$ cat entry-v2.cif   # mmCIF, C-alpha atoms
data_model
loop_
_atom_site.group_PDB
_atom_site.id
_atom_site.type_symbol
_atom_site.label_atom_id
_atom_site.label_comp_id
_atom_site.auth_asym_id
_atom_site.auth_seq_id
_atom_site.Cartn_x
_atom_site.Cartn_y
_atom_site.Cartn_z
ATOM 1 C CA MET A 1 54.591 165.285 24.771
ATOM 2 C CA THR A 2 56.162 168.072 22.833
ATOM 3 C CA SER A 3 55.977 168.421 19.098
ATOM 4 C CA SER A 4 59.690 167.702 18.597
ATOM 5 C CA VAL A 5 59.363 164.411 20.490
ATOM 6 C CA LYS A 6 56.337 163.474 18.384
ATOM 7 C CA LYS A 7 58.265 164.332 15.227
ATOM 8 C CA ILE A 8 61.192 162.154 16.272
ATOM 9 C CA VAL A 9 58.919 159.207 17.067
ATOM 10 C CA LEU A 10 57.014 159.658 13.799
ATOM 11 C CA GLY A 11 60.274 160.046 11.879
ATOM 12 C CA GLY A 12 61.643 156.880 13.486
ATOM 13 C CA LEU A 13 58.456 154.989 12.659
ATOM 14 C CA ILE A 14 58.418 156.131 9.044
ATOM 15 C CA THR A 15 62.135 155.504 8.619
ATOM 16 C CA GLY A 16 61.935 152.025 10.128
ATOM 17 C CA PHE A 17 58.811 151.134 8.170
ATOM 18 C CA GLY A 18 60.327 152.341 4.906
ATOM 19 C CA THR A 19 63.631 150.609 5.595
ATOM 20 C CA GLY A 20 61.927 147.321 6.429
ATOM 21 C CA LEU A 21 59.585 147.398 3.465
ATOM 22 C CA GLY A 22 62.060 148.764 0.962
ATOM 23 C CA TRP A 23 64.969 146.535 1.925
ATOM 24 C CA SER A 24 62.915 143.338 2.022
ATOM 25 C CA VAL A 25 61.301 144.071 -1.354
ATOM 26 C CA LEU A 26 64.645 145.034 -2.899
ATOM 27 C CA VAL A 27 66.343 141.866 -1.627
ATOM 28 C CA TYR A 28 63.409 139.784 -2.854
ATOM 29 C CA VAL A 29 63.600 141.335 -6.323
ATOM 30 C CA LEU A 30 67.393 141.151 -6.547
ATOM 31 C CA SER A 31 67.501 137.532 -5.405
ATOM 32 C CA TYR A 32 64.735 136.365 -7.735
ATOM 33 C CA ASP A 33 67.321 134.361 -9.682
ATOM 34 C CA GLN A 34 68.291 132.551 -6.423
ATOM 35 C CA LEU A 35 71.629 134.366 -6.385
ATOM 36 C CA PHE A 36 72.386 137.360 -4.161
ATOM 37 C CA ASN A 37 75.959 138.437 -4.832
ATOM 38 C CA GLY A 38 78.165 141.173 -3.401
ATOM 39 C CA ARG A 39 77.152 143.882 -5.867
ATOM 40 C CA GLU A 40 73.480 143.350 -5.123
ATOM 41 C CA PHE A 41 74.201 143.441 -1.397
ATOM 42 C CA ALA A 42 76.161 146.694 -1.744
ATOM 43 C CA LEU A 43 73.314 148.170 -3.765
ATOM 44 C CA SER A 44 70.825 147.174 -1.069
ATOM 45 C CA LEU A 45 72.874 149.036 1.568
ATOM 46 C CA ILE A 46 72.152 152.357 -0.139
ATOM 47 C CA LEU A 47 68.403 152.002 0.384
ATOM 48 C CA PRO A 48 68.278 152.891 4.136
ATOM 49 C CA LEU A 49 70.099 156.140 3.430
ATOM 50 C CA LEU A 50 67.563 157.036 0.748
ATOM 51 C CA VAL A 51 64.684 156.171 3.080
ATOM 52 C CA GLY A 52 66.209 158.322 5.830
ATOM 53 C CA LEU A 53 66.547 161.272 3.469
ATOM 54 C CA ALA A 54 62.966 160.843 2.235
ATOM 55 C CA ALA A 55 61.670 160.760 5.813
ATOM 56 C CA TRP A 56 63.742 163.852 6.596
ATOM 57 C CA LYS A 57 62.047 165.723 3.758
ATOM 58 C CA ARG A 58 58.599 164.522 4.826
ATOM 59 C CA VAL A 59 58.727 164.849 8.627
ATOM 60 C CA GLY A 60 61.322 167.570 9.129
ATOM 61 C CA VAL A 61 63.478 165.826 11.720
ATOM 62 C CA GLN A 62 67.204 166.403 11.349
ATOM 63 C CA ARG A 63 69.175 164.091 9.092
ATOM 64 C CA ARG A 64 71.654 163.324 11.853
ATOM 65 C CA VAL A 65 68.766 161.686 13.733
ATOM 66 C CA LEU A 66 67.100 159.745 10.915
ATOM 67 C CA LEU A 67 70.149 158.367 9.111
ATOM 68 C CA PRO A 68 71.472 156.468 12.162
ATOM 69 C CA ILE A 69 67.960 155.168 12.820
ATOM 70 C CA ALA A 70 67.769 153.815 9.269
ATOM 71 C CA CYS A 71 71.199 152.185 9.416
ATOM 72 C CA LEU A 72 70.708 150.681 12.868
ATOM 73 C CA THR A 73 67.290 149.371 11.884
ATOM 74 C CA LEU A 74 68.860 147.616 8.934
ATOM 75 C CA VAL A 75 71.686 146.128 10.986
ATOM 76 C CA ILE A 76 69.924 144.857 14.091
ATOM 77 C CA PRO A 77 66.395 143.592 13.343
ATOM 78 C CA LEU A 78 66.437 143.260 9.555
ATOM 79 C CA PHE A 79 69.685 141.386 8.960
ATOM 80 C CA GLY A 80 68.740 138.817 11.593
ATOM 81 C CA LEU A 81 65.279 138.289 10.205
ATOM 82 C CA GLY A 82 66.601 138.228 6.659
ATOM 83 C CA ILE A 83 69.031 135.464 7.524
ATOM 84 C CA GLY A 84 66.199 133.576 9.200
ATOM 85 C CA GLY A 85 64.067 133.742 6.069
ATOM 86 C CA ALA A 86 61.318 136.146 7.133
ATOM 87 C CA ASN A 87 58.767 137.332 4.608
ATOM 88 C CA ILE A 88 58.130 140.914 3.530
ATOM 89 C CA LEU A 89 55.349 141.553 6.071
ATOM 90 C CA GLN A 90 57.464 140.363 8.986
ATOM 91 C CA MET A 91 60.389 142.483 7.836
ATOM 92 C CA THR A 92 58.167 145.551 7.487
ATOM 93 C CA ILE A 93 56.708 145.167 10.986
ATOM 94 C CA ALA A 94 60.154 144.530 12.465
ATOM 95 C CA GLY A 95 61.500 147.586 10.653
ATOM 96 C CA ALA A 96 58.765 149.800 12.079
ATOM 97 C CA LEU A 97 59.351 148.490 15.600
ATOM 98 C CA GLY A 98 63.107 148.818 15.165
ATOM 99 C CA GLY A 99 62.689 152.393 13.982
ATOM 100 C CA ILE A 100 60.714 153.284 17.089
ATOM 101 C CA PHE A 101 63.243 151.477 19.287
ATOM 102 C CA TRP A 102 66.223 153.277 17.759
ATOM 103 C CA ALA A 103 64.395 156.619 17.977
ATOM 104 C CA SER A 104 64.026 156.270 21.753
ATOM 105 C CA PRO A 105 67.583 157.454 22.624
ATOM 106 C CA PHE A 106 66.999 160.606 20.581
ATOM 107 C CA VAL A 107 63.663 161.143 22.339
ATOM 108 C CA LEU A 108 65.297 160.717 25.747
ATOM 109 C CA TYR A 109 68.076 163.119 24.782
ATOM 110 C CA THR A 110 65.517 165.706 23.658
ATOM 111 C CA LEU A 111 63.532 165.366 26.881
ATOM 112 C CA VAL A 112 66.594 165.581 29.131
ATOM 113 C CA LYS A 113 67.953 168.562 27.221
ATOM 114 C CA ARG A 114 64.619 170.338 27.513
ATOM 115 C CA TYR A 115 64.077 169.783 31.244
ATOM 116 C CA LEU A 116 67.621 170.283 32.519
#

$ encode --input "entry-v2.cif" --output "structure tokens"
Amino acid sequence: MTSSVKKIVLGGLITGFGTGLGWSVLVYVLSYDQLFNGREFALSLILPLLVGLAAWKRVGVQRRVLLPIACLTLVIPLFGLGIGGANILQMTIAGALGGIFWASPFVLYTLVKRYL
């Protein structure tokens, strides 16, 4: 495996892990009063973008790769688990797995571009 593929996988893992952990903790804190309104929801949507930018600074993968991974990780595994009432640990694990899953198209694109 090349170093760029490893960086994309690591960036996807870190982005998914951070999105899962950060979003579940933020929703838990914001809904502590048993009320999660529209402003709190809109505020929670900013978090994946911040996690993607932090992972970009740390790993060095392009922002155009990590920001879609963060947003797609929030939409597909985390919203579903959040509606189902998952705890913070389950959301964190699902976020990490979702980050790796959503990084796979970028890995395949990198490999195809390199060998063709």

$ resolve_selection --input "entry-v2.cif" --expression "the PyMOL selection byres ((chain A and resi 80-89) around 10)" --output "ChimeraX atom specification"
/A:20-25,27-28,74-79,90-95

$ resolve_selection --input "entry-v2.cif" --expression "the PyMOL selection byres ((chain A and resi 100) around 10)" --output "list of chain:residue names"
A:Ile8, A:Val9, A:Leu10, A:Gly11, A:Gly12, A:Leu13, A:Ile14, A:Thr15, A:Gly16, A:Phe17, A:Ile69, A:Thr73, A:Ala94, A:Gly95, A:Ala96, A:Leu97, A:Gly98, A:Gly99, A:Phe101, A:Trp102, A:Ala103, A:Ser104, A:Pro105, A:Val107

$ closest_residue --input "entry-v2.cif" --among "A:Leu108, A:Leu116, A:Val61, A:Ala70" --to "A:Leu45" --atoms "only C-alpha atoms"
A:Ala70

$ closest_residue --input "entry-v2.cif" --among "A:Val112, A:Val51, A:Gly18, A:Phe106" --to "A:Arg64" --atoms "all atoms listed in the file"
A:Phe106

$ closest_residue --input "entry-v2.cif" --among "A:Val5, A:Ala42, A:Leu53, A:Arg114" --to "A:Leu66" --atoms "only C-alpha atoms"
A:Leu53

$ atom_distance --input "entry-v2.cif" --atom1 "atom CA of A:Leu49" --atom2 "atom CA of A:Tyr109"
22.6 Å

$ atom_distance --input "entry-v2.cif" --atom1 "atom CA of A:Pro48" --atom2 "atom CA of A:Cys71"
6.1 Å

$ atom_distance --input "entry-v2.cif" --atom1 "atom CA of A:Ser44" --atom2 "atom CA of A:Pro68"
16.2 Å

$ build_atoms --input "entry-v2.cif" --residues "stretch 6-33 of chain A" --atoms "N, CA and C atoms" --output "compact mmCIF listing (two decimals), keeping the file's coordinate frame"
# COMPACT_ATOMS: atom_id res chain seq x y z
N LYS A 6 57.27 164.16 19.30
CA LYS A 6 56.34 163.47 18.38
C LYS A 6 56.93 163.34 16.99
N LYS A 7 57.63 164.39 16.55
CA LYS A 7 58.26 164.33 15.23
C LYS A 7 59.36 163.28 15.18
N ILE A 8 60.13 163.15 16.25
CA ILE A 8 61.19 162.15 16.27
C ILE A 8 60.60 160.75 16.26
N VAL A 9 59.56 160.53 17.05
CA VAL A 9 58.92 159.21 17.07
C VAL A 9 58.30 158.90 15.71
N LEU A 10 57.61 159.86 15.12
CA LEU A 10 57.01 159.66 13.80
C LEU A 10 58.10 159.45 12.74
N GLY A 11 59.17 160.22 12.81
CA GLY A 11 60.27 160.05 11.88
C GLY A 11 60.92 158.69 12.02
N GLY A 12 61.09 158.21 13.26
CA GLY A 12 61.64 156.88 13.49
C GLY A 12 60.73 155.79 12.96
N LEU A 13 59.43 155.97 13.16
CA LEU A 13 58.46 154.99 12.66
C LEU A 13 58.46 154.94 11.13
N ILE A 14 58.43 156.09 10.51
CA ILE A 14 58.42 156.13 9.04
C ILE A 14 59.73 155.60 8.47
N THR A 15 60.84 155.97 9.09
CA THR A 15 62.14 155.50 8.62
C THR A 15 62.26 153.99 8.77
N GLY A 16 61.87 153.47 9.91
CA GLY A 16 61.94 152.02 10.13
C GLY A 16 60.99 151.26 9.22
N PHE A 17 59.79 151.78 9.06
CA PHE A 17 58.81 151.13 8.17
C PHE A 17 59.32 151.12 6.73
N GLY A 18 59.81 152.26 6.27
CA GLY A 18 60.33 152.34 4.91
C GLY A 18 61.56 151.49 4.69
N THR A 19 62.43 151.44 5.70
CA THR A 19 63.63 150.61 5.60
C THR A 19 63.26 149.14 5.55
N GLY A 20 62.35 148.72 6.41
CA GLY A 20 61.93 147.32 6.43
C GLY A 20 61.24 146.91 5.14
N LEU A 21 60.31 147.72 4.69
CA LEU A 21 59.58 147.40 3.46
C LEU A 21 60.49 147.48 2.25
N GLY A 22 61.21 148.57 2.13
CA GLY A 22 62.06 148.76 0.96
C GLY A 22 63.17 147.75 0.86
N TRP A 23 63.85 147.46 1.97
CA TRP A 23 64.97 146.54 1.92
C TRP A 23 64.50 145.11 1.64
N SER A 24 63.39 144.70 2.26
CA SER A 24 62.92 143.34 2.02
C SER A 24 62.42 143.17 0.58
N VAL A 25 61.75 144.17 0.04
CA VAL A 25 61.30 144.07 -1.35
C VAL A 25 62.50 144.10 -2.30
N LEU A 26 63.47 144.95 -2.04
CA LEU A 26 64.64 145.03 -2.90
C LEU A 26 65.44 143.72 -2.88
N VAL A 27 65.63 143.14 -1.71
CA VAL A 27 66.34 141.87 -1.63
C VAL A 27 65.56 140.77 -2.33
N TYR A 28 64.24 140.78 -2.18
CA TYR A 28 63.41 139.78 -2.85
C TYR A 28 63.53 139.91 -4.37
N VAL A 29 63.50 141.12 -4.87
CA VAL A 29 63.60 141.34 -6.32
C VAL A 29 65.00 140.99 -6.83
N LEU A 30 66.03 141.41 -6.10
CA LEU A 30 67.39 141.15 -6.55
C LEU A 30 67.78 139.67 -6.46
N SER A 31 67.16 138.94 -5.55
CA SER A 31 67.50 137.53 -5.40
C SER A 31 66.47 136.63 -6.09
N TYR A 32 65.75 137.16 -7.03
CA TYR A 32 64.74 136.36 -7.74
C TYR A 32 65.38 135.23 -8.53
N ASP A 33 66.62 135.41 -8.95
CA ASP A 33 67.32 134.36 -9.68
C ASP A 33 68.04 133.38 -8.75
